[in-house]
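Listing of target.pdb, PDB, C-alpha atoms
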```pdb
ATOM      1  CA  MET A  15       0.000   0.000   0.000
ATOM      2  CA  ASN A  16       1.308   3.422  -0.888
ATOM      3  CA  THR A  17       1.446   5.044   2.527
ATOM      4  CA  LEU A  18       1.859   8.632   1.332
ATOM      5  CA  LEU A  19      -1.093   8.363  -1.029
ATOM      6  CA  TYR A  20      -3.170   6.756   1.725
ATOM      7  CA  THR A  21      -2.322   9.505   4.210
ATOM      8  CA  PHE A  22      -3.042  12.222   1.649
ATOM      9  CA  HIS A  23      -6.461  10.831   0.835
ATOM     10  CA  PHE A  24      -7.290  10.244   4.486
ATOM     11  CA  TYR A  25      -6.630  13.897   5.301
ATOM     12  CA  LEU A  26      -8.377  15.007   2.097
ATOM     13  CA  PHE A  27     -11.626  13.202   2.885
ATOM     14  CA  GLY A  28     -11.494  14.161   6.554
ATOM     15  CA  LEU A  29     -11.036  17.855   5.780
ATOM     16  CA  ILE A  30     -13.738  17.796   3.094
ATOM     17  CA  SER A  31     -16.137  16.203   5.578
ATOM     18  CA  ILE A  32     -15.414  18.854   8.211
ATOM     19  CA  ALA A  33     -15.729  21.680   5.656
ATOM     20  CA  SER A  34     -19.048  20.245   4.431
ATOM     21  CA  ALA A  35     -20.272  19.959   8.019
ATOM     22  CA  VAL A  36     -19.437  23.623   8.651
ATOM     23  CA  ALA A  37     -21.232  24.579   5.437
ATOM     24  CA  PHE A  38     -24.177  22.413   6.525
ATOM     25  CA  VAL A  39     -24.546  24.148   9.886
ATOM     26  CA  THR A  40     -24.274  27.647   8.415
ATOM     27  CA  ARG A  41     -26.707  27.304   5.456
ATOM     28  CA  LYS A  42     -30.067  28.996   5.861
ATOM     29  CA  SER A  43     -31.995  26.944   3.329
ATOM     30  CA  PRO A  44     -32.847  23.435   4.610
ATOM     31  CA  VAL A  45     -32.351  21.912   1.144
ATOM     32  CA  ALA A  46     -28.807  23.260   0.804
ATOM     33  CA  ALA A  47     -28.052  22.111   4.356
ATOM     34  CA  ALA A  48     -29.310  18.604   3.601
ATOM     35  CA  LEU A  49     -27.180  18.359   0.453
ATOM     36  CA  TRP A  50     -24.056  19.450   2.353
ATOM     37  CA  LEU A  51     -24.846  16.801   4.965
ATOM     38  CA  VAL A  52     -25.050  14.202   2.177
ATOM     39  CA  ASN A  53     -21.568  15.317   1.085
ATOM     40  CA  THR A  54     -20.298  14.852   4.653
ATOM     41  CA  MET A  55     -21.742  11.352   4.725
ATOM     42  CA  PHE A  56     -20.084  10.410   1.428
ATOM     43  CA  CYS A  57     -16.704  11.535   2.775
ATOM     44  CA  LEU A  58     -17.311   9.592   5.978
ATOM     45  CA  SER A  59     -18.011   6.464   3.956
ATOM     46  CA  ALA A  60     -14.678   6.979   2.167
ATOM     47  CA  LEU A  61     -13.009   7.187   5.581
ATOM     48  CA  TYR A  62     -14.758   3.948   6.620
ATOM     49  CA  VAL A  63     -13.415   2.171   3.540
ATOM     50  CA  MET A  64      -9.910   3.433   4.312
ATOM     51  CA  LEU A  65     -10.246   2.122   7.869
ATOM     52  CA  ASP A  66     -10.925  -1.415   6.543
ATOM     53  CA  ALA A  67     -14.698  -1.282   7.081
ATOM     54  CA  GLN A  68     -15.754  -1.680   3.457
ATOM     55  CA  PHE A  69     -19.171  -3.151   4.224
ATOM     56  CA  ILE A  70     -20.041  -0.321   6.608
ATOM     57  CA  GLY A  71     -18.912   2.151   3.955
ATOM     58  CA  ALA A  72     -21.357   0.672   1.461
ATOM     59  CA  VAL A  73     -24.154   0.619   4.050
ATOM     60  CA  GLN A  74     -23.389   4.245   4.918
ATOM     61  CA  VAL A  75     -23.968   5.305   1.317
ATOM     62  CA  LEU A  76     -27.095   3.176   0.943
ATOM     63  CA  VAL A  77     -28.788   3.870   4.272
ATOM     64  CA  TYR A  78     -27.628   7.339   5.300
ATOM     65  CA  ALA A  79     -26.925   9.183   2.069
ATOM     66  CA  GLY A  80     -29.541   7.190   0.179
ATOM     67  CA  ALA A  81     -32.477   6.522   2.480
ATOM     68  CA  ILE A  82     -32.405   8.764   5.547
ATOM     69  CA  MET A  83     -31.419  11.959   3.765
ATOM     70  CA  VAL A  84     -34.001  11.337   1.038
ATOM     71  CA  VAL A  85     -36.640  11.131   3.767
ATOM     72  CA  PHE A  86     -35.403  14.418   5.193
ATOM     73  CA  LEU A  87     -35.494  16.102   1.778
ATOM     74  CA  PHE A  88     -38.929  14.606   1.156
ATOM     75  CA  VAL A  89     -40.277  16.162   4.348
ATOM     76  CA  VAL A  90     -38.665  19.518   3.529
ATOM     77  CA  MET A  91     -40.329  19.526   0.114
ATOM     78  CA  LEU A  92     -43.633  18.197   1.503
ATOM     79  CA  LEU A  93     -43.874  21.003   4.032
ATOM     80  CA  ASN A  94     -42.700  23.508   1.398
ATOM     81  CA  LEU A  95     -39.820  24.743   3.568
ATOM     82  CA  GLY A  96     -37.392  24.913   0.673
ATOM     83  CA  GLN A  97     -36.957  28.665   0.605
ATOM     84  CA  ALA A  98     -34.876  30.227   3.330
ATOM     85  CA  SER A  99     -36.954  32.585   5.418
ATOM     86  CA  ASP A 100     -36.012  36.266   5.389
ATOM     87  CA  VAL A 101     -35.486  36.346   9.138
ATOM     88  CA  THR A 102     -32.534  34.351  10.375
ATOM     89  CA  ASP A 103     -33.287  31.216  12.353
ATOM     90  CA  MET A 104     -30.223  31.621  14.546
ATOM     91  CA  ARG A 105     -30.979  31.781  18.226
ATOM     92  CA  GLY A 106     -30.449  34.880  20.321
ATOM     93  CA  LEU A 107     -27.348  35.836  22.222
ATOM     94  CA  GLY A 108     -27.884  33.302  25.025
ATOM     95  CA  GLY A 109     -28.040  30.292  22.725
ATOM     96  CA  ARG A 110     -25.041  31.426  20.690
ATOM     97  CA  LEU A 111     -23.030  32.102  23.841
ATOM     98  CA  THR A 112     -23.840  28.632  25.173
ATOM     99  CA  ALA A 113     -22.879  27.084  21.847
ATOM    100  CA  GLY A 114     -19.581  28.952  21.827
ATOM    101  CA  LEU A 115     -18.790  27.838  25.376
ATOM    102  CA  VAL A 116     -19.651  24.211  24.599
ATOM    103  CA  GLY A 117     -17.511  24.355  21.464
ATOM    104  CA  LEU A 118     -14.580  25.824  23.387
ATOM    105  CA  ALA A 119     -14.874  23.203  26.127
ATOM    106  CA  MET A 120     -14.911  20.405  23.566
ATOM    107  CA  LEU A 121     -11.898  21.842  21.740
ATOM    108  CA  ALA A 122     -10.020  22.070  25.044
ATOM    109  CA  GLU A 123     -10.850  18.418  25.700
ATOM    110  CA  LEU A 124      -9.622  17.612  22.209
ATOM    111  CA  PHE A 125      -6.244  19.194  22.864
ATOM    112  CA  ALA A 126      -5.986  17.469  26.231
ATOM    113  CA  LEU A 127      -6.761  14.128  24.623
ATOM    114  CA  SER A 128      -4.425  14.670  21.667
ATOM    115  CA  ARG A 129      -1.459  13.869  23.932
ATOM    116  CA  ILE A 130      -2.436  10.202  23.930
ATOM    117  CA  LYS A 131      -0.251   8.292  21.498
ATOM    118  CA  PHE A 132      -1.976   5.505  19.636
ATOM    119  CA  PRO A 133       0.092   2.564  18.398
ATOM    120  CA  ARG A 134       0.810   2.536  14.692
ATOM    121  CA  LEU A 135      -1.439   0.289  12.664
ATOM    122  CA  THR A 136       0.272  -2.814  11.421
ATOM    123  CA  GLY A 137      -0.928  -4.837   8.488
ATOM    124  CA  ALA A 138      -4.482  -5.132   7.246
ATOM    125  CA  MET A 139      -7.479  -6.358   9.215
ATOM    126  CA  GLY A 140      -8.329  -9.765   7.790
ATOM    127  CA  ASP A 141      -8.106 -10.454   4.089
ATOM    128  CA  HIS A 142      -9.670  -8.006   1.689
ATOM    129  CA  ALA A 143     -11.418 -10.695  -0.320
ATOM    130  CA  ASN A 144     -13.864 -11.389   2.499
ATOM    131  CA  VAL A 145     -15.283  -8.210   4.017
ATOM    132  CA  VAL A 146     -18.749  -9.307   5.160
ATOM    133  CA  ASN A 147     -17.735 -12.389   7.099
ATOM    134  CA  PRO A 148     -15.985 -10.597  10.013
ATOM    135  CA  ILE A 149     -19.171  -8.568  10.618
ATOM    136  CA  SER A 150     -21.764 -11.251  10.040
ATOM    137  CA  ALA A 151     -20.176 -13.819  12.363
ATOM    138  CA  PRO A 152     -20.522 -11.738  15.569
ATOM    139  CA  LEU A 153     -23.790 -10.208  14.348
ATOM    140  CA  PHE A 154     -25.529 -13.566  14.059
ATOM    141  CA  HIS A 155     -23.888 -15.324  17.008
ATOM    142  CA  GLU A 156     -22.789 -13.012  19.776
ATOM    143  CA  TYR A 157     -25.269 -10.208  19.075
ATOM    144  CA  LEU A 158     -28.208 -12.232  17.824
ATOM    145  CA  LEU A 159     -30.606 -11.066  20.556
ATOM    146  CA  PRO A 160     -29.850  -7.327  20.054
ATOM    147  CA  PHE A 161     -30.250  -7.905  16.313
ATOM    148  CA  GLU A 162     -33.721  -9.371  16.813
ATOM    149  CA  VAL A 163     -34.683  -6.622  19.263
ATOM    150  CA  THR A 164     -33.636  -4.068  16.625
ATOM    151  CA  SER A 165     -36.235  -5.478  14.250
ATOM    152  CA  VAL A 166     -38.917  -4.964  16.909
ATOM    153  CA  VAL A 167     -37.701  -1.370  17.376
ATOM    154  CA  LEU A 168     -38.033  -0.782  13.634
ATOM    155  CA  LEU A 169     -41.557  -2.200  13.644
ATOM    156  CA  VAL A 170     -42.560   0.042  16.562
ATOM    157  CA  ALA A 171     -41.011   3.045  14.782
ATOM    158  CA  VAL A 172     -42.968   2.354  11.594
ATOM    159  CA  VAL A 173     -46.253   1.987  13.483
ATOM    160  CA  GLY A 174     -45.495   5.096  15.557
ATOM    161  CA  ALA A 175     -44.648   7.158  12.491
ATOM    162  CA  VAL A 176     -47.917   6.193  10.800
ATOM    163  CA  VAL A 177     -49.951   6.949  13.933
ATOM    164  CA  LEU A 178     -48.240  10.328  14.465
ATOM    165  CA  ALA A 179     -48.424  11.509  10.877
ATOM    166  CA  LYS A 180     -52.000  10.361  10.252
ATOM    167  CA  ARG A 181     -54.681  12.976  10.379
ATOM    168  CA  GLY A 182     -56.946  12.489  13.378
ATOM    169  CA  PRO A 183     -60.723  12.122  12.956
ATOM    170  CA  GLY A 184     -61.311  15.613  14.346
ATOM    171  CA  ALA A 185     -58.776  17.346  12.107
ATOM    172  CA  SER A 186     -60.041  19.459   9.251
TER     173      SER A 186
ATOM    174  CA  MET B  19      -4.457   7.116  11.279
ATOM    175  CA  ILE B  20      -6.457   6.333  14.434
ATOM    176  CA  ALA B  21      -5.649   9.651  16.111
ATOM    177  CA  GLU B  22      -6.632  11.570  12.969
ATOM    178  CA  ALA B  23      -9.905   9.668  12.645
ATOM    179  CA  LEU B  24     -10.773  10.344  16.293
ATOM    180  CA  PHE B  25      -9.889  14.007  15.763
ATOM    181  CA  PHE B  26     -12.217  14.254  12.746
ATOM    182  CA  SER B  27     -14.899  12.488  14.756
ATOM    183  CA  ALA B  28     -14.609  14.904  17.683
ATOM    184  CA  VAL B  29     -14.705  17.950  15.405
ATOM    185  CA  LEU B  30     -17.790  16.648  13.575
ATOM    186  CA  PHE B  31     -19.514  15.951  16.895
ATOM    187  CA  THR B  32     -18.732  19.470  18.107
ATOM    188  CA  ILE B  33     -20.131  20.963  14.901
ATOM    189  CA  GLY B  34     -23.304  18.941  15.469
ATOM    190  CA  VAL B  35     -23.651  20.153  19.070
ATOM    191  CA  VAL B  36     -23.103  23.771  18.045
ATOM    192  CA  GLY B  37     -25.715  23.354  15.315
ATOM    193  CA  VAL B  38     -28.269  21.990  17.782
ATOM    194  CA  LEU B  39     -27.608  24.881  20.154
ATOM    195  CA  THR B  40     -27.672  27.700  17.609
ATOM    196  CA  ARG B  41     -30.369  26.853  15.056
ATOM    197  CA  ARG B  42     -34.123  27.174  15.453
ATOM    198  CA  ASN B  43     -35.353  25.198  12.458
ATOM    199  CA  ALA B  44     -36.520  21.827  13.807
ATOM    200  CA  ILE B  45     -35.492  19.910  10.667
ATOM    201  CA  ILE B  46     -31.954  21.323  10.719
ATOM    202  CA  ILE B  47     -31.631  20.480  14.422
ATOM    203  CA  PHE B  48     -32.692  16.954  13.525
ATOM    204  CA  MET B  49     -30.025  16.733  10.827
ATOM    205  CA  CYS B  50     -27.440  17.968  13.352
ATOM    206  CA  VAL B  51     -28.362  15.001  15.562
ATOM    207  CA  GLU B  52     -27.747  12.715  12.579
ATOM    208  CA  LEU B  53     -24.337  14.370  12.140
ATOM    209  CA  MET B  54     -23.508  13.628  15.784
ATOM    210  CA  LEU B  55     -24.496   9.971  15.317
ATOM    211  CA  ASN B  56     -22.228   9.821  12.268
ATOM    212  CA  ALA B  57     -19.323  11.250  14.246
ATOM    213  CA  VAL B  58     -19.768   8.553  16.884
ATOM    214  CA  ASN B  59     -19.865   5.927  14.126
ATOM    215  CA  LEU B  60     -16.508   7.165  12.854
ATOM    216  CA  SER B  61     -15.077   6.702  16.364
ATOM    217  CA  PHE B  62     -16.496   3.180  16.485
ATOM    218  CA  ILE B  63     -14.925   2.260  13.143
ATOM    219  CA  ALA B  64     -11.535   3.743  14.044
ATOM    220  CA  LEU B  65     -11.381   2.032  17.417
ATOM    221  CA  SER B  66     -12.532  -1.288  15.971
ATOM    222  CA  ARG B  67      -9.687  -0.970  13.447
ATOM    223  CA  LEU B  68      -7.289  -0.288  16.325
ATOM    224  CA  HIS B  69      -8.646  -3.236  18.268
ATOM    225  CA  GLY B  70      -8.416  -5.489  15.242
ATOM    226  CA  SER B  71     -11.906  -6.953  15.634
ATOM    227  CA  ALA B  72     -15.142  -6.268  13.766
ATOM    228  CA  ASN B  73     -17.339  -5.984  16.878
ATOM    229  CA  GLY B  74     -17.299  -2.184  16.668
ATOM    230  CA  GLN B  75     -18.647  -2.375  13.127
ATOM    231  CA  VAL B  76     -21.585  -4.445  14.403
ATOM    232  CA  PHE B  77     -22.428  -1.602  16.779
ATOM    233  CA  VAL B  78     -22.269   0.847  13.879
ATOM    234  CA  LEU B  79     -24.926  -1.251  12.137
ATOM    235  CA  PHE B  80     -27.119  -1.025  15.249
ATOM    236  CA  VAL B  81     -26.609   2.744  15.479
ATOM    237  CA  MET B  82     -27.611   3.137  11.826
ATOM    238  CA  THR B  83     -30.795   1.122  12.398
ATOM    239  CA  ILE B  84     -31.768   3.171  15.436
ATOM    240  CA  ALA B  85     -30.987   6.371  13.512
ATOM    241  CA  ALA B  86     -33.356   5.277  10.747
ATOM    242  CA  ALA B  87     -36.102   4.551  13.282
ATOM    243  CA  GLU B  88     -35.458   7.882  14.994
ATOM    244  CA  ALA B  89     -35.638   9.747  11.683
ATOM    245  CA  ALA B  90     -38.982   8.117  10.839
ATOM    246  CA  VAL B  91     -40.594   8.941  14.203
ATOM    247  CA  GLY B  92     -39.029  12.407  14.467
ATOM    248  CA  LEU B  93     -40.096  13.473  10.988
ATOM    249  CA  ALA B  94     -43.621  12.223  11.703
ATOM    250  CA  ILE B  95     -43.644  14.395  14.839
ATOM    251  CA  ILE B  96     -42.373  17.364  12.794
ATOM    252  CA  ILE B  97     -45.125  16.835  10.223
ATOM    253  CA  SER B  98     -47.832  16.795  12.878
ATOM    254  CA  ILE B  99     -46.304  19.872  14.566
ATOM    255  CA  PHE B 100     -46.320  21.640  11.185
ATOM    256  CA  ARG B 101     -49.997  20.799  10.734
ATOM    257  CA  HIS B 102     -50.762  22.396  14.075
ATOM    258  CA  HIS B 103     -48.515  25.491  13.993
ATOM    259  CA  LYS B 104     -47.963  25.955  10.226
ATOM    260  CA  SER B 105     -44.254  26.300  10.974
ATOM    261  CA  VAL B 106     -41.305  24.262  12.260
ATOM    262  CA  ASP B 107     -39.677  27.177  14.053
ATOM    263  CA  LEU B 108     -38.914  26.210  17.633
ATOM    264  CA  ARG B 109     -39.914  29.696  18.847
ATOM    265  CA  ASN B 110     -43.540  28.747  18.224
ATOM    266  CA  ILE B 111     -43.307  25.424  20.038
ATOM    267  CA  ASN B 112     -43.184  26.361  23.703
ATOM    268  CA  LEU B 113     -46.043  24.413  25.251
ATOM    269  CA  LEU B 114     -43.779  22.739  27.819
ATOM    270  CA  LYS B 115     -41.754  25.856  28.547
ATOM    271  CA  GLY B 116     -41.956  26.840  32.222
TER     272      GLY B 116
END
```

Re-express the file's structure as structure tokens.
Amino acid sequence: MNTLLYTFHFYLFGLISIASAVAFVTRKSPVAAALWLVNTMFCLSALYVMLDAQFIGAVQVLVYAGAIMVVFLFVVMLLNLGQASDVTDMRGLGGRLTAGLVGLAMLAELFALSRIKFPRLTGAMGDHANVVNPISAPLFHEYLLPFEVTSVVLLVAVVGAVVLAKRGPGAS
Amino acid sequence: MIAEALFFSAVLFTIGVVGVLTRRNAIIIFMCVELMLNAVNLSFIALSRLHGSANGQVFVLFVMTIAAAEAAVGLAIIISIFRHHKSVDLRNINLLKG
């Protein structure tokens, strides 16, 4: 593996994802924000692939960038919120001050934690020809019960979403 | 690469928190929560790579499933709030405010 090329692309995708996230938070129009978030998720999936999680990278594109963000965009278009309102939707001074303080505290933590030295990665994780097997083996043996419970959670979520979004009998 | 990945993850999480605290549009706040979940997923992947086992990736799958369920229920709540208030601005939604 070409280490320099790998490092370059790792930093490239990481910085693009952070820049897209900043653009996402600062956009006024919900549609533009959603599209920047999709860009962030694509870059994150590239990072997953570079960290030897190829299957998760594919699922990230399919589920997050494909399904979840399409639902978000669908709701934005359904409610006709596409245009940015004239008045800003930023909070007042109190909210912004709190956000700044939280951001500063987290950055301070980041610098405190950056002193930890992680061991250098050696070799690849498993063979690259078989990327699904290392995930599916623990998923269907060790974590079988959580996996089944997840399906119940999804069922409850679907029923709840239908009940919440349905018009009641008294609604006009 | 682990330290860099954790750094990117922490920065993305911070951006998500700042977005939740500064915006008033309910849909954008919801997307900021998704960004925070993604940042945590990046940490999971990096640490599972460091650990050399795929168990962390299994947890990422679970997080993605719960995020999908959360998006479905949350957007349904937003739709019903919009029907009631004709807006998704959090300034108008203060029923539980003391």

Could you tell me, as an mmCIF file with C-alpha atoms, in the frame of the given file, exactly which residues end up selected when the PyMOL selection byres ((chain B) within 6 of (chain A)) is applied to this structure?
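For reference, selection22.cif as written:
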```cif
data_model
loop_
_atom_site.group_PDB
_atom_site.id
_atom_site.type_symbol
_atom_site.label_atom_id
_atom_site.label_comp_id
_atom_site.auth_asym_id
_atom_site.auth_seq_id
_atom_site.Cartn_x
_atom_site.Cartn_y
_atom_site.Cartn_z
ATOM 1 C CA VAL B 36 -23.103 23.771 18.045
ATOM 2 C CA GLY B 37 -25.715 23.354 15.315
ATOM 3 C CA LEU B 39 -27.608 24.881 20.154
ATOM 4 C CA THR B 40 -27.672 27.700 17.609
ATOM 5 C CA ARG B 41 -30.369 26.853 15.056
ATOM 6 C CA ARG B 42 -34.123 27.174 15.453
ATOM 7 C CA ALA B 72 -15.142 -6.268 13.766
ATOM 8 C CA ALA B 87 -36.102 4.551 13.282
ATOM 9 C CA ALA B 90 -38.982 8.117 10.839
ATOM 10 C CA VAL B 91 -40.594 8.941 14.203
ATOM 11 C CA ALA B 94 -43.621 12.223 11.703
ATOM 12 C CA SER B 98 -47.832 16.795 12.878
#
```

**Request:** Given the file shown, enumerate the residues that the PyMOL selection byres ((chain B and resi 105) around 12) captures and present them as a ChimeraX atom specification.
**Result:** /A:90,93-95,99 /B:42-45,96-104,106-111

Output file for the selection above: C-alpha atoms, as a PDB file, in the frame of the given file:
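This went into again_9.pdb:
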```pdb
ATOM      1  CA  VAL A  90     -38.665  19.518   3.529  1.00  0.00           C
ATOM      2  CA  LEU A  93     -43.874  21.003   4.032  1.00  0.00           C
ATOM      3  CA  ASN A  94     -42.700  23.508   1.398  1.00  0.00           C
ATOM      4  CA  LEU A  95     -39.820  24.743   3.568  1.00  0.00           C
ATOM      5  CA  SER A  99     -36.954  32.585   5.418  1.00  0.00           C
TER       6      SER A  99
ATOM      7  CA  ARG B  42     -34.123  27.174  15.453  1.00  0.00           C
ATOM      8  CA  ASN B  43     -35.353  25.198  12.458  1.00  0.00           C
ATOM      9  CA  ALA B  44     -36.520  21.827  13.807  1.00  0.00           C
ATOM     10  CA  ILE B  45     -35.492  19.910  10.667  1.00  0.00           C
ATOM     11  CA  ILE B  96     -42.373  17.364  12.794  1.00  0.00           C
ATOM     12  CA  ILE B  97     -45.125  16.835  10.223  1.00  0.00           C
ATOM     13  CA  SER B  98     -47.832  16.795  12.878  1.00  0.00           C
ATOM     14  CA  ILE B  99     -46.304  19.872  14.566  1.00  0.00           C
ATOM     15  CA  PHE B 100     -46.320  21.640  11.185  1.00  0.00           C
ATOM     16  CA  ARG B 101     -49.997  20.799  10.734  1.00  0.00           C
ATOM     17  CA  HIS B 102     -50.762  22.396  14.075  1.00  0.00           C
ATOM     18  CA  HIS B 103     -48.515  25.491  13.993  1.00  0.00           C
ATOM     19  CA  LYS B 104     -47.963  25.955  10.226  1.00  0.00           C
ATOM     20  CA  VAL B 106     -41.305  24.262  12.260  1.00  0.00           C
ATOM     21  CA  ASP B 107     -39.677  27.177  14.053  1.00  0.00           C
ATOM     22  CA  LEU B 108     -38.914  26.210  17.633  1.00  0.00           C
ATOM     23  CA  ARG B 109     -39.914  29.696  18.847  1.00  0.00           C
ATOM     24  CA  ASN B 110     -43.540  28.747  18.224  1.00  0.00           C
ATOM     25  CA  ILE B 111     -43.307  25.424  20.038  1.00  0.00           C
TER      26      ILE B 111
END
```

**Request:** Select, from B:Phe48, B:Phe62, B:Phe25, B:Phe77, the residue with the minimum atom-to-atom distance to Ala89 of chain B, counting only C-alpha atoms.
**Result:**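 Ranked by minimum distance to Ala89 of chain B, first place goes to B:Phe48.
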
**Item:** Long-range neighbours of Phe31 of chain B as a list in words, 10 Å cut-off, only C-alpha atoms, 3 positions minimum in chain
**Value:** Ala35, Gly117 and Met120 of chain A; Phe25, Phe26, Ser27, Ala28, Gly34, Val35, Val36, Gly37, Cys50, Val51, Glu52, Leu53, Met54, Leu55, Asn56, Ala57 and Val58 of chain B

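Counting from atom CA of Ala23 of chain B, the distance to atom CA of Ala60 of chain A is 11.8 Å.
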
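For the atom pair formed by atom CA of His23 of chain A and atom CA of Ile63 of chain B, the distance is 17.2 Å, given to one decimal.
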
**Atomic separation - atom CA of Leu65 of chain B relative to atom CA of Ile20 of chain B, Å** =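 Going from atom CA of Ile20 of chain B over to atom CA of Leu65 of chain B, I get 7.2 Å.
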
**Message:** For a quick check of understanding, using all atoms listed in the file, which of B:Met49, B:Leu68, B:Ile95, B:Val38 has the smallest distance to Leu24 of chain B?
**Reply:**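 Of the candidates, the smallest distance to Leu24 of chain B is held by B:Leu68.
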
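Take the candidates B:Thr83, B:Thr32, B:Asn112, B:Gln75 and check each one against Leu60 of chain B using only C-alpha atoms; the shortest distance goes to B:Gln75.
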